[in-house]
>>> print(open('work12.cif').read())   # mmCIF, C-alpha atoms and all ligand atoms
data_coords
loop_
_atom_site.label_atom_id
_atom_site.label_comp_id
_atom_site.auth_asym_id
_atom_site.auth_seq_id
_atom_site.Cartn_x
_atom_site.Cartn_y
_atom_site.Cartn_z
CA MET W 1 -12.67 -1.96 12.15
CA ASP W 2 -13.36 -4.20 9.19
CA HIS W 3 -16.25 -6.16 7.74
CA PHE W 4 -14.85 -9.67 8.15
CA LEU W 5 -16.79 -11.13 11.05
CA TYR W 6 -18.01 -14.50 12.21
CA ARG W 7 -21.74 -14.97 11.83
CA ASN W 8 -23.27 -18.14 13.15
CA GLY W 9 -19.78 -19.53 13.53
CA VAL W 10 -18.68 -18.89 9.94
CA LEU W 11 -16.37 -16.13 8.73
CA HIS W 12 -18.12 -13.69 6.41
CA ALA W 13 -16.85 -10.99 4.08
CA GLU W 14 -19.63 -8.47 4.61
CA ASP W 15 -22.74 -10.61 3.94
CA VAL W 16 -21.00 -13.37 1.99
CA PRO W 17 -19.70 -16.54 3.69
CA VAL W 18 -16.00 -16.84 2.88
CA ALA W 19 -16.39 -20.59 2.34
CA GLU W 20 -18.92 -19.91 -0.42
CA ILE W 21 -16.32 -17.88 -2.32
CA ALA W 22 -13.77 -20.65 -1.78
CA VAL W 23 -16.09 -23.17 -3.42
CA ALA W 24 -16.70 -20.82 -6.36
CA VAL W 25 -13.13 -19.67 -7.08
CA GLY W 26 -10.91 -22.26 -5.41
CA THR W 27 -8.12 -21.52 -2.93
CA PRO W 28 -6.00 -19.61 -2.29
CA PHE W 29 -7.56 -16.24 -3.07
CA TYR W 30 -7.72 -12.64 -1.90
CA VAL W 31 -11.05 -11.13 -0.91
CA TYR W 32 -11.67 -7.42 -0.31
CA SER W 33 -14.55 -5.65 1.37
CA THR W 34 -15.98 -2.59 -0.36
CA ALA W 35 -17.48 -1.29 2.89
CA THR W 36 -14.10 -1.46 4.63
CA LEU W 37 -12.26 0.27 1.78
CA LEU W 38 -14.81 3.06 1.80
CA ARG W 39 -14.90 3.31 5.56
CA HIS W 40 -11.14 3.81 5.75
CA PHE W 41 -11.11 6.34 2.92
CA THR W 42 -13.94 8.28 4.56
CA LEU W 43 -12.22 8.22 7.96
CA PHE W 44 -9.20 9.97 6.44
CA ASP W 45 -11.27 12.33 4.38
CA ASP W 46 -13.31 13.33 7.42
CA ALA W 47 -10.20 13.64 9.61
CA LEU W 48 -8.99 16.46 7.34
CA ASP W 49 -12.36 18.18 7.28
CA GLY W 50 -12.04 21.93 7.49
CA MET W 51 -8.82 21.96 5.45
CA ASP W 52 -8.64 22.11 1.69
CA HIS W 53 -7.41 18.58 1.07
CA LEU W 54 -7.23 15.56 -1.22
CA VAL W 55 -6.69 11.97 -0.12
CA CYS W 56 -4.52 10.40 -2.83
CA TYR W 57 -4.68 6.64 -2.32
CA ALA W 58 -1.19 5.10 -2.63
CA MET W 59 -2.28 2.50 -5.13
CA LYS W 60 0.91 0.47 -4.78
CA ALA W 61 -0.87 -1.09 -1.78
CA ALA W 62 -3.59 -2.74 -3.89
CA SER W 63 -4.10 -1.63 -7.45
CA ASN W 64 -6.82 -3.80 -8.92
CA GLN W 65 -9.02 -1.75 -11.23
CA ALA W 66 -12.12 -2.54 -9.19
CA ILE W 67 -10.47 -1.25 -6.00
CA LEU W 68 -9.32 1.91 -7.75
CA LYS W 69 -12.79 2.52 -9.19
CA THR W 70 -14.39 2.00 -5.79
CA LEU W 71 -12.15 4.61 -4.21
CA ALA W 72 -12.16 7.00 -7.18
CA GLN W 73 -15.96 7.04 -7.18
CA ALA W 74 -15.80 8.06 -3.52
CA GLY W 75 -13.62 11.02 -4.50
CA ALA W 76 -10.09 9.69 -3.94
CA GLY W 77 -7.14 10.90 -5.94
CA MET W 78 -4.27 8.50 -6.65
CA ASP W 79 -0.59 8.45 -5.78
CA VAL W 80 1.28 6.57 -8.52
CA VAL W 81 4.91 5.48 -8.72
CA SER W 82 5.28 4.08 -12.22
CA GLY W 83 4.01 4.40 -15.75
CA GLY W 84 2.03 1.22 -15.15
CA GLU W 85 0.29 2.66 -12.11
CA TYR W 86 -0.42 5.87 -14.01
CA ALA W 87 -2.04 3.83 -16.78
CA ARG W 88 -4.04 1.85 -14.21
CA ALA W 89 -5.30 5.03 -12.55
CA LYS W 90 -6.34 6.49 -15.90
CA ALA W 91 -7.99 3.21 -16.92
CA ALA W 92 -10.03 3.30 -13.70
CA GLY W 93 -11.32 6.72 -14.71
CA VAL W 94 -9.21 8.89 -12.42
CA PRO W 95 -8.69 12.30 -14.03
CA GLY W 96 -5.09 13.46 -14.48
CA ASP W 97 -5.62 16.38 -12.13
CA LYS W 98 -6.19 13.91 -9.30
CA ILE W 99 -3.04 11.86 -9.97
CA VAL W 100 0.19 12.58 -8.10
CA PHE W 101 3.41 11.04 -9.45
CA SER W 102 5.84 9.95 -6.73
CA GLY W 103 8.96 7.81 -6.91
CA VAL W 104 12.70 8.12 -6.85
CA GLY W 105 13.42 6.93 -10.40
CA LYS W 106 10.83 8.24 -12.83
CA THR W 107 12.02 7.67 -16.39
CA ALA W 108 11.77 10.29 -19.14
CA GLU W 109 9.18 8.08 -20.82
CA GLU W 110 7.02 7.88 -17.68
CA ILE W 111 7.30 11.64 -17.25
CA ARG W 112 6.26 12.21 -20.87
CA THR W 113 3.25 9.93 -20.51
CA ALA W 114 2.04 11.75 -17.42
CA LEU W 115 2.63 15.21 -18.89
CA THR W 116 0.70 14.25 -21.99
CA GLY W 117 -2.14 12.51 -20.16
CA GLY W 118 -2.51 15.11 -17.41
CA ILE W 119 -1.07 15.23 -13.92
CA ARG W 120 -1.80 16.97 -10.65
CA GLN W 121 1.86 17.24 -9.70
CA PHE W 122 5.19 15.46 -9.75
CA ASN W 123 6.88 14.89 -6.42
CA VAL W 124 10.48 15.42 -7.55
CA GLU W 125 13.18 13.52 -5.68
CA SER W 126 16.47 14.76 -7.12
CA GLU W 127 18.15 17.46 -9.20
CA PRO W 128 18.80 15.15 -12.18
CA GLU W 129 15.12 14.17 -12.19
CA MET W 130 14.18 17.85 -12.19
CA GLU W 131 16.41 18.50 -15.19
CA VAL W 132 14.80 15.66 -17.12
CA LEU W 133 11.34 16.87 -16.13
CA ASN W 134 12.14 20.41 -17.28
CA ARG W 135 13.48 19.15 -20.61
CA VAL W 136 10.57 16.77 -21.30
CA ALA W 137 7.98 19.39 -20.28
CA GLY W 138 9.64 21.77 -22.73
CA GLU W 139 9.40 19.16 -25.50
CA VAL W 140 5.74 18.49 -24.72
CA GLY W 141 5.13 22.24 -24.51
CA VAL W 142 3.75 22.39 -20.97
CA VAL W 143 4.80 23.61 -17.55
CA ALA W 144 5.07 20.79 -14.99
CA PRO W 145 3.66 21.47 -11.51
CA ILE W 146 6.02 20.13 -8.85
CA THR W 147 6.66 19.67 -5.20
CA ILE W 148 10.10 18.60 -4.06
CA ARG W 149 10.27 15.66 -1.72
CA VAL W 150 12.40 16.63 1.22
CA ASN W 151 14.12 14.14 3.46
CA PRO W 152 13.62 15.48 6.99
CA ASP W 153 16.09 13.06 8.65
CA VAL W 154 13.49 11.73 11.05
CA ASP W 155 13.51 8.18 12.34
CA ALA W 156 10.13 6.65 11.50
CA LYS W 157 10.81 3.81 13.98
CA THR W 158 9.45 1.20 11.64
CA HIS W 159 10.95 -1.82 9.85
CA ALA W 160 14.25 -0.81 8.18
CA LYS W 161 13.04 -1.97 4.75
CA ILE W 162 10.11 0.46 4.79
CA SER W 163 11.71 3.44 6.52
CA THR W 164 12.36 6.30 4.12
CA GLY W 165 12.90 9.53 6.06
CA LYS W 166 16.44 9.10 7.41
CA SER W 167 19.34 10.82 5.71
CA GLU W 168 20.88 7.47 4.74
CA ASN W 169 17.76 6.51 2.73
CA LYS W 170 17.64 7.04 -1.03
CA PHE W 171 14.54 9.23 -0.88
CA GLY W 172 14.10 12.95 -1.35
CA ILE W 173 16.49 15.86 -1.00
CA PRO W 174 18.15 16.54 2.35
CA ILE W 175 16.04 19.22 3.98
CA ALA W 176 19.19 21.24 4.69
CA ARG W 177 19.73 21.64 0.93
CA ALA W 178 16.08 22.31 0.12
CA ARG W 179 16.33 26.08 -0.38
CA GLU W 180 19.15 25.66 -2.86
CA VAL W 181 17.25 23.05 -4.86
CA TYR W 182 14.03 25.09 -4.80
CA ALA W 183 16.03 28.03 -6.16
CA MET W 184 17.21 25.82 -9.00
CA ALA W 185 13.61 24.73 -9.68
CA GLY W 186 12.40 28.31 -9.57
CA ALA W 187 14.80 29.23 -12.36
CA MET W 188 13.58 26.51 -14.73
CA ASP W 189 11.25 27.50 -17.56
CA HIS W 190 9.06 24.43 -17.71
CA ILE W 191 8.65 23.79 -14.01
CA GLU W 192 6.29 25.48 -11.61
CA VAL W 193 6.98 25.06 -7.92
CA ILE W 194 3.71 24.62 -6.06
CA GLY W 195 4.60 22.90 -2.81
CA ILE W 196 6.56 20.52 -0.63
CA ASP W 197 6.36 16.75 -0.29
CA VAL W 198 7.44 14.49 2.54
CA HIS W 199 6.99 10.76 3.24
CA ILE W 200 9.00 9.18 6.04
CA GLY W 201 8.01 5.53 5.96
CA SER W 202 5.30 2.97 6.26
CA GLN W 203 3.53 1.17 9.11
CA LEU W 204 4.26 3.93 11.62
CA THR W 205 2.56 3.17 14.89
CA ASP W 206 3.34 6.46 16.63
CA LEU W 207 2.50 10.00 15.57
CA THR W 208 5.71 11.57 16.91
CA PRO W 209 7.90 11.00 13.82
CA PHE W 210 5.13 12.44 11.61
CA GLU W 211 4.83 15.44 13.88
CA LEU W 212 8.59 16.10 13.82
CA ALA W 213 8.65 15.84 10.03
CA TYR W 214 5.60 18.07 9.54
CA GLN W 215 7.05 20.71 11.87
CA LYS W 216 10.16 20.78 9.69
CA VAL W 217 7.97 21.10 6.60
CA ALA W 218 6.07 23.98 8.22
CA GLU W 219 9.35 25.81 8.94
CA LEU W 220 10.54 25.19 5.41
CA THR W 221 7.26 26.54 4.02
CA VAL W 222 7.89 29.86 5.75
CA GLN W 223 11.50 30.01 4.52
CA LEU W 224 10.61 29.14 0.94
CA ARG W 225 7.86 31.74 0.89
CA GLU W 226 10.44 34.27 2.07
CA ASP W 227 12.59 33.15 -0.84
CA GLY W 228 9.71 34.04 -3.15
CA HIS W 229 8.20 30.61 -3.86
CA ASP W 230 4.43 30.31 -3.93
CA ILE W 231 4.14 27.30 -1.63
CA ARG W 232 0.46 26.43 -1.64
CA ARG W 233 0.28 22.63 -1.43
CA LEU W 234 1.78 20.23 1.09
CA ASP W 235 1.91 16.52 0.30
CA LEU W 236 2.36 14.83 3.66
CA GLY W 237 2.82 11.29 2.34
CA GLY W 238 1.33 8.10 3.71
CA GLY W 239 2.55 5.71 6.34
CA LEU W 240 0.00 5.53 9.14
CA GLY W 241 0.11 1.98 10.48
CA ILE W 242 -2.64 -0.54 11.05
CA PRO W 243 -3.16 -3.12 13.79
CA TYR W 244 -1.83 -6.40 12.41
CA ALA W 245 -2.09 -8.27 15.69
CA ARG W 246 -5.54 -7.43 16.93
CA SER W 247 -4.73 -8.60 20.40
CA ASN W 248 -2.05 -6.05 21.32
CA GLU W 249 -1.63 -3.22 18.80
CA ALA W 250 -3.43 0.11 18.72
CA PRO W 251 -1.87 2.52 16.23
CA PRO W 252 -3.11 6.11 16.21
CA LEU W 253 -6.50 6.73 14.67
CA PRO W 254 -6.95 8.81 11.51
CA THR W 255 -8.74 11.41 13.67
CA ASP W 256 -5.62 11.81 15.86
CA TYR W 257 -3.54 12.04 12.72
CA GLY W 258 -5.86 14.67 11.25
CA ALA W 259 -5.71 16.75 14.44
CA MET W 260 -1.90 16.58 14.36
CA VAL W 261 -1.86 17.68 10.70
CA LYS W 262 -4.01 20.69 11.57
CA ARG W 263 -1.80 21.45 14.57
CA THR W 264 1.47 21.35 12.62
CA VAL W 265 0.61 22.83 9.21
CA GLY W 266 -2.98 24.09 9.51
CA HIS W 267 -1.93 27.72 10.05
CA LEU W 268 -0.11 27.90 6.71
CA GLY W 269 -3.23 28.05 4.56
CA CYS W 270 -1.94 25.35 2.21
CA GLU W 271 -3.96 22.70 0.48
CA VAL W 272 -3.00 19.36 2.02
CA GLU W 273 -2.58 15.99 0.32
CA ILE W 274 -2.03 12.68 2.01
CA GLU W 275 -1.06 9.38 0.43
CA PRO W 276 -2.34 6.53 2.59
CA GLY W 277 -2.10 3.04 1.13
CA ARG W 278 -2.00 0.47 3.89
CA LEU W 279 -4.53 2.19 6.10
CA ILE W 280 -7.12 2.12 3.34
CA ALA W 281 -6.52 -1.35 1.91
CA GLY W 282 -4.73 -3.34 4.65
CA ASN W 283 -7.60 -4.41 6.81
CA ALA W 284 -9.96 -4.44 3.83
CA GLY W 285 -8.54 -7.71 2.53
CA LEU W 286 -8.02 -11.34 3.55
CA MET W 287 -6.01 -14.07 1.94
CA VAL W 288 -7.90 -17.34 2.23
CA SER W 289 -6.05 -20.62 2.01
CA GLU W 290 -6.75 -24.31 2.56
CA VAL W 291 -4.87 -26.69 4.80
CA ILE W 292 -3.32 -29.36 2.58
CA TYR W 293 -1.59 -31.43 5.26
CA VAL W 294 -1.05 -31.43 8.97
CA LYS W 295 2.44 -32.83 9.40
CA SER W 296 4.16 -33.96 12.58
CA GLY W 297 7.80 -32.91 12.63
CA GLU W 298 10.58 -33.25 15.16
CA GLY W 299 9.15 -31.54 18.22
CA ARG W 300 6.74 -29.40 16.20
CA ASP W 301 3.71 -29.72 14.00
CA PHE W 302 3.28 -28.01 10.65
CA LEU W 303 0.15 -26.73 8.99
CA ILE W 304 0.97 -26.93 5.29
CA LEU W 305 -1.26 -24.56 3.34
CA ASP W 306 -1.95 -24.18 -0.37
CA GLY W 307 -0.99 -20.48 -0.08
CA ALA W 308 2.70 -19.68 -0.08
CA MET W 309 5.30 -16.92 0.10
CA ASN W 310 4.76 -16.10 -3.58
CA ASP W 311 1.12 -15.26 -2.76
CA LEU W 312 1.83 -13.24 0.40
CA ILE W 313 5.48 -12.36 0.80
CA ARG W 314 5.27 -10.01 3.78
CA PRO W 315 6.13 -12.57 6.49
CA ALA W 316 9.18 -13.80 4.52
CA MET W 317 10.30 -10.31 3.53
CA TYR W 318 9.64 -8.19 6.62
CA GLU W 319 9.10 -10.80 9.35
CA ALA W 320 5.56 -9.41 9.25
CA HIS W 321 2.85 -10.74 11.50
CA HIS W 322 -0.58 -11.57 10.07
CA ASP W 323 -3.33 -12.93 12.26
CA ILE W 324 -4.40 -16.29 10.82
CA VAL W 325 -7.88 -17.43 11.77
CA PRO W 326 -9.93 -20.50 10.96
CA VAL W 327 -12.86 -19.81 8.63
CA VAL W 328 -15.09 -21.94 10.85
CA GLU W 329 -15.10 -20.38 14.30
CA PRO W 330 -13.86 -22.77 16.98
CA ALA W 331 -16.34 -23.55 19.72
CA PRO W 332 -15.73 -21.54 22.90
CA GLY W 333 -13.14 -23.22 25.09
CA THR W 334 -11.54 -25.19 22.22
CA GLU W 335 -7.96 -26.02 23.15
CA GLN W 336 -5.26 -24.53 20.96
CA ALA W 337 -1.86 -25.94 20.07
CA PRO W 338 1.28 -24.42 18.50
CA TYR W 339 1.89 -24.94 14.79
CA ASP W 340 4.41 -23.70 12.26
CA ILE W 341 2.22 -22.44 9.42
CA VAL W 342 3.96 -22.86 6.08
CA GLY W 343 3.41 -22.97 2.34
CA PRO W 344 4.52 -25.57 -0.21
CA VAL W 345 7.42 -23.57 -1.74
CA CYS W 346 10.79 -25.25 -1.52
CA GLU W 347 12.59 -22.96 0.90
CA SER W 348 12.35 -22.49 4.63
CA GLY W 349 11.58 -18.80 4.13
CA ASP W 350 8.15 -19.97 3.05
CA THR W 351 6.94 -19.74 6.61
CA PHE W 352 3.99 -17.58 7.59
CA ALA W 353 4.20 -18.07 11.33
CA LYS W 354 6.19 -20.08 13.83
CA GLN W 355 4.65 -21.76 16.86
CA ARG W 356 1.34 -19.98 16.31
CA MET W 357 -1.44 -21.11 18.63
CA MET W 358 -4.28 -22.51 16.53
CA PRO W 359 -7.34 -24.64 17.20
CA PRO W 360 -7.19 -28.19 15.84
CA LEU W 361 -7.35 -28.15 12.04
CA VAL W 362 -7.43 -30.92 9.48
CA ALA W 363 -6.73 -31.15 5.75
CA GLY W 364 -9.43 -29.33 3.82
CA ASP W 365 -10.09 -26.70 6.50
CA LEU W 366 -9.89 -23.05 5.43
CA VAL W 367 -7.88 -20.35 7.15
CA ALA W 368 -7.89 -16.59 6.55
CA PHE W 369 -4.91 -14.27 6.80
CA ARG W 370 -6.15 -10.98 8.15
CA SER W 371 -4.81 -7.56 7.16
CA ALA W 372 -3.66 -8.89 3.79
CA GLY W 373 -5.37 -6.29 1.62
CA ALA W 374 -2.32 -4.02 1.32
CA TYR W 375 0.95 -5.21 -0.22
CA GLY W 376 -0.51 -8.71 -0.62
CA ALA W 377 -1.74 -9.39 -4.15
CA VAL W 378 0.41 -6.61 -5.62
CA MET W 379 3.62 -8.19 -4.33
CA SER W 380 2.73 -11.72 -5.37
CA SER W 381 4.63 -13.61 -8.04
CA GLU W 382 4.47 -16.85 -9.97
CA TYR W 383 7.52 -18.35 -8.27
CA ASN W 384 7.42 -22.16 -8.53
CA THR W 385 5.04 -21.60 -11.47
CA ARG W 386 2.24 -21.08 -9.02
CA PRO W 387 -0.48 -19.00 -10.68
CA LEU W 388 -1.25 -15.52 -9.36
CA ILE W 389 -4.19 -16.12 -7.08
CA PRO W 390 -7.62 -14.64 -7.81
CA GLU W 391 -8.87 -11.43 -6.30
CA VAL W 392 -12.53 -11.13 -5.29
CA LEU W 393 -14.43 -8.01 -4.29
CA VAL W 394 -17.45 -8.21 -1.99
CA ASN W 395 -20.10 -5.53 -1.78
CA GLY W 396 -22.90 -6.35 0.65
CA ASP W 397 -24.30 -9.70 -0.41
CA GLN W 398 -22.69 -9.64 -3.86
CA TYR W 399 -19.24 -10.65 -4.90
CA ALA W 400 -17.26 -10.66 -8.12
CA VAL W 401 -13.95 -12.07 -9.27
CA ILE W 402 -11.91 -8.97 -10.08
CA ARG W 403 -8.84 -10.85 -11.26
CA ALA W 404 -9.11 -14.45 -12.36
CA ARG W 405 -6.54 -17.15 -11.72
CA PRO W 406 -4.56 -17.74 -14.93
CA THR W 407 -4.52 -21.25 -16.35
CA PHE W 408 -1.23 -23.11 -16.69
CA ASP W 409 -1.49 -22.67 -20.46
CA GLU W 410 -1.91 -18.91 -20.11
CA MET W 411 1.18 -18.80 -17.94
CA ILE W 412 3.26 -20.98 -20.23
CA ASN W 413 2.14 -19.19 -23.37
CA ARG W 414 3.56 -15.91 -22.10
CA ASP W 415 6.99 -17.37 -22.85
CA THR W 416 8.19 -17.36 -26.43
CA ILE W 417 10.57 -19.88 -27.94
CA PRO W 418 13.44 -18.48 -30.03
CA GLU W 419 13.53 -19.78 -33.57
CA TRP W 420 16.70 -21.81 -33.01
CA LEU W 421 14.94 -24.10 -30.54
N1 LIG U 1 3.66 7.56 -0.46
C1 LIG U 1 4.89 7.14 -0.79
C2 LIG U 1 5.80 8.06 -1.49
C3 LIG U 1 5.28 5.82 -0.49
O1 LIG U 1 6.49 5.41 -0.82
C4 LIG U 1 4.39 4.96 0.18
C5 LIG U 1 4.75 3.59 0.49
C6 LIG U 1 3.10 5.45 0.50
C7 LIG U 1 2.78 6.76 0.17
C8 LIG U 1 2.07 4.62 1.18
O2 LIG U 1 2.47 4.22 2.45
P1 LIG U 1 1.41 3.47 3.40
O3 LIG U 1 0.34 4.46 3.75
O4 LIG U 1 0.88 2.31 2.66
O5 LIG U 1 2.22 3.07 4.58
N2 LIG U 1 5.66 -3.42 0.92
C9 LIG U 1 5.75 -2.86 2.23
C10 LIG U 1 5.33 -1.40 2.29
C11 LIG U 1 6.10 -0.51 1.36
C12 LIG U 1 5.66 0.93 1.39
C13 LIG U 1 6.31 1.72 0.33
N3 LIG U 1 5.89 3.07 0.22
C14 LIG U 1 4.94 -3.72 3.20
O6 LIG U 1 4.37 -4.72 2.78
O7 LIG U 1 4.89 -3.43 4.39
#
>>> encode(input="work12.cif", output="structure tokens", more="lines below")
Ligand code: LLP
Amino acid sequence: MDHFLYRNGVLHAEDVPVAEIAVAVGTPFYVYSTATLLRHFTLFDDALDGMDHLVCYAMKAASNQAILKTLAQAGAGMDVVSGGEYARAKAAGVPGDKIVFSGVGKTAEEIRTALTGGIRQFNVESEPEMEVLNRVAGEVGVVAPITIRVNPDVDAKTHAKISTGKSENKFGIPIARAREVYAMAGAMDHIEVIGIDVHIGSQLTDLTPFELAYQKVAELTVQLREDGHDIRRLDLGGGLGIPYARSNEAPPLPTDYGAMVKRTVGHLGCEVEIEPGRLIAGNAGLMVSEVIYVKSGEGRDFLILDGAMNDLIRPAMYEAHHDIVPVVEPAPGTEQAPYDIVGPVCESGDTFAKQRMMPPLVAGDLVAFRSAGAYGAVMSSEYNTRPLIPEVLVNGDQYAVIRARPTFDEMINRDTIPEWL
């Protein structure tokens, strides 16, 4: 459920008409709903009720300071994957002991920053990373709390580009070698083993792969405890999918997920962490764009929008589906026709949807891409020297620009001219 509904025939973000924001900030733009962000966070938090747990929002999904602050104030921890994300989390007021550092290629510098600024734990992904962590922790004069990310060799049955739990993927340590690598960690002076981490992929629409992975983690917990490790925290990753096509998709609910977590690892007495990104932010954001032209092609019509692949790359990159709806609700019974919905960028990959049924639209009409809150703004670029589009946060009847559109001069002035030119 989200808070983007038609009221009196006009799409609203909570209590604010989307068209009003378009007039104020121009198109295209992203708009997020505070109530939806909080609702999704609370759903997860409540689903793990009864277990010692922390929901660490995977901020790679949407990392605007205002979004982080909204979630942090509700009690969320953060899952970060870079020095930049760590700095963002700290800037939003998240204490170090609520920040988890994930990622397959943490640099010594990133590790040092996190050790100095405070960290809940590192999710270590390889032996060489562990050696660097041990060395840097020694230099800083601290002991680094770690889990080791294990690769359970489970097929997440999601898009290949966002599947991470198969043995051929670059992530984690093969679960078969886990005991050996934990033994190595246990012998290091500046590392303290506290738990196990697993994350098998993103946009999972079935609980079975999670359940298989968590069962393997539960077995490993028992083995590692036998080996003398004090396994007391399990980081179960993120990955629960969302309905992108409202008409035909029903991924599992956070409550089903929570029940499965309790079923698989609840008996171990561990503190549990989860790292949802998409499920918190995905349906809490729209991208709003204006129709520039309606063009008749050979056997097909195109809706040419002012938003493009640089603003929302998911359709081009993952063949992802986003529902695209008119901001003014069509009258009941309005006939629809197929359109290819495209942006102005000079490549055919700049296509949001092919032969999508839409009501009649004309230049100047607004459309909204649903489910664009996660991996939308954060993956945007300035390709074609198109400015990063603004982000707006709504809260009830108020809204605020939380990232402004840069001017052309601001963009150009980021370049510097060498003295020989
Ligand atoms: N934890 C780790 C270690 C991750 O790598 C990820 C996502 C998450 C948590 C959060 O997963 P989520 O709950 O959002 O599924 N750009 C792609 C998604 C990439 C996901 C990468 N890792 C997309 O637009 O679909």
>>> residues_near_ligand(input="work12.cif", ligand="ligand LIG 1 (chain U)", cutoff="8 Å", atoms="only C-alpha atoms and all ligand atoms", output="PyMOL selection string")
chain W and resi 57-61+79+81+102-103+161-162+164+198-199+201-204+237-241+274-280+313-314+318+320+374-376+379
>>> atom_distance(input="work12.cif", atom1="atom CA of Ala114 of chain W", atom2="atom CA of Ala377 of chain W")
25.2 Å
>>> closest_residue(input="work12.cif", among="W:Glu298, W:Asp189, W:Asp49, W:Asp323", to="Tyr244 of chain W", atoms="all atoms listed in the file")
W:Asp323
>>> closest_residue(input="work12.cif", among="W:Arg179, W:Leu366, W:Gly195, W:Pro326", to="Glu226 of chain W", atoms="only C-alpha atoms")
W:Arg179
>>> residues_around(input="work12.cif", residues="segment 169-178 of chain W", least_positions_apart="3", cutoff="7 Å", atoms="all atoms listed in the file", output="ChimeraX atom specification")
/W:104,125-126,149-152,164-166,181-182
>>> closest_residue(input="work12.cif", among="W:Leu43, W:Leu236, W:Ile191, W:Val94", to="Val142 of chain W", atoms="only C-alpha atoms")
W:Ile191
>>> residues_near_point(input="work12.cif", point="(-5.2, -8.2, 7.5)", cutoff="7 Å", atoms="all atoms listed in the file", output="ChimeraX atom specification")
/W:244,282-283,285-286,322-323,369-373
>>> residues_around(input="work12.cif", residues="Asp311 of chain W", least_positions_apart="2", cutoff="6 Å", atoms="all atoms listed in the file", output="ChimeraX atom specification")
/W:308-309,380
>>> write_last_selection(input="work12.cif", atoms="C-alpha atoms", output="mmCIF file, in the frame of the given file")
data_model
loop_
_atom_site.group_PDB
_atom_site.id
_atom_site.type_symbol
_atom_site.label_atom_id
_atom_site.label_comp_id
_atom_site.auth_asym_id
_atom_site.auth_seq_id
_atom_site.Cartn_x
_atom_site.Cartn_y
_atom_site.Cartn_z
ATOM 1 C CA ALA W 308 2.700 -19.680 -0.080
ATOM 2 C CA MET W 309 5.300 -16.920 0.100
ATOM 3 C CA SER W 380 2.730 -11.720 -5.370
#
>>> closest_residue(input="work12.cif", among="W:Val345, W:Val136, W:Met260, W:Leu303", to="Leu207 of chain W", atoms="only C-alpha atoms")
W:Met260
>>> residues_around(input="work12.cif", residues="Asp350 of chain W", least_positions_apart="5", cutoff="12 Å", atoms="only C-alpha atoms", output="ChimeraX atom specification")
/W:304-317,319,340-345,383-384
>>> atom_distance(input="work12.cif", atom1="atom CA of Ile111 of chain W", atom2="atom CA of Glu192 of chain W")
15.0 Å
>>> residues_near_point(input="work12.cif", point="(-11.5, -21.6, -6.0)", cutoff="12 Å", atoms="only C-alpha atoms", output="PyMOL selection string")
chain W and resi 18-31+288-290+306+366+389-392+401+404-406
>>> decode(input="work12.cif", residues="segment 14-21 of chain W", atoms="N, CA, C and O atoms", output="tab-separated table (two decimals), in the first residue's frame")
chain	number	residue	atom	x	y	z
W	14	GLU	N	0.18	11.84	-0.78
W	14	GLU	CA	-0.50	12.13	0.49
W	14	GLU	C	-1.56	13.21	0.23
W	14	GLU	O	-2.43	13.00	-0.61
W	15	ASP	N	-1.46	14.39	0.87
W	15	ASP	CA	-2.52	15.40	0.68
W	15	ASP	C	-2.17	16.45	-0.36
W	15	ASP	O	-2.87	17.46	-0.49
W	16	VAL	N	-1.08	16.23	-1.09
W	16	VAL	CA	-0.63	17.27	-2.03
W	16	VAL	C	-0.88	16.82	-3.47
W	16	VAL	O	-0.43	15.74	-3.86
W	17	PRO	N	-1.58	17.65	-4.26
W	17	PRO	CA	-1.77	17.27	-5.67
W	17	PRO	C	-0.41	17.26	-6.39
W	17	PRO	O	0.37	18.21	-6.26
W	18	VAL	N	-0.16	16.16	-7.10
W	18	VAL	CA	1.13	16.01	-7.79
W	18	VAL	C	1.34	17.15	-8.79
W	18	VAL	O	2.46	17.65	-8.96
W	19	ALA	N	0.26	17.60	-9.42
W	19	ALA	CA	0.39	18.66	-10.42
W	19	ALA	C	0.86	19.97	-9.79
W	19	ALA	O	1.54	20.78	-10.43
W	20	GLU	N	0.50	20.16	-8.52
W	20	GLU	CA	0.94	21.38	-7.82
W	20	GLU	C	2.47	21.38	-7.66
W	20	GLU	O	3.13	22.41	-7.84
W	21	ILE	N	3.01	20.21	-7.35
W	21	ILE	CA	4.47	20.11	-7.21
W	21	ILE	C	5.13	20.34	-8.57
W	21	ILE	O	6.15	21.03	-8.68
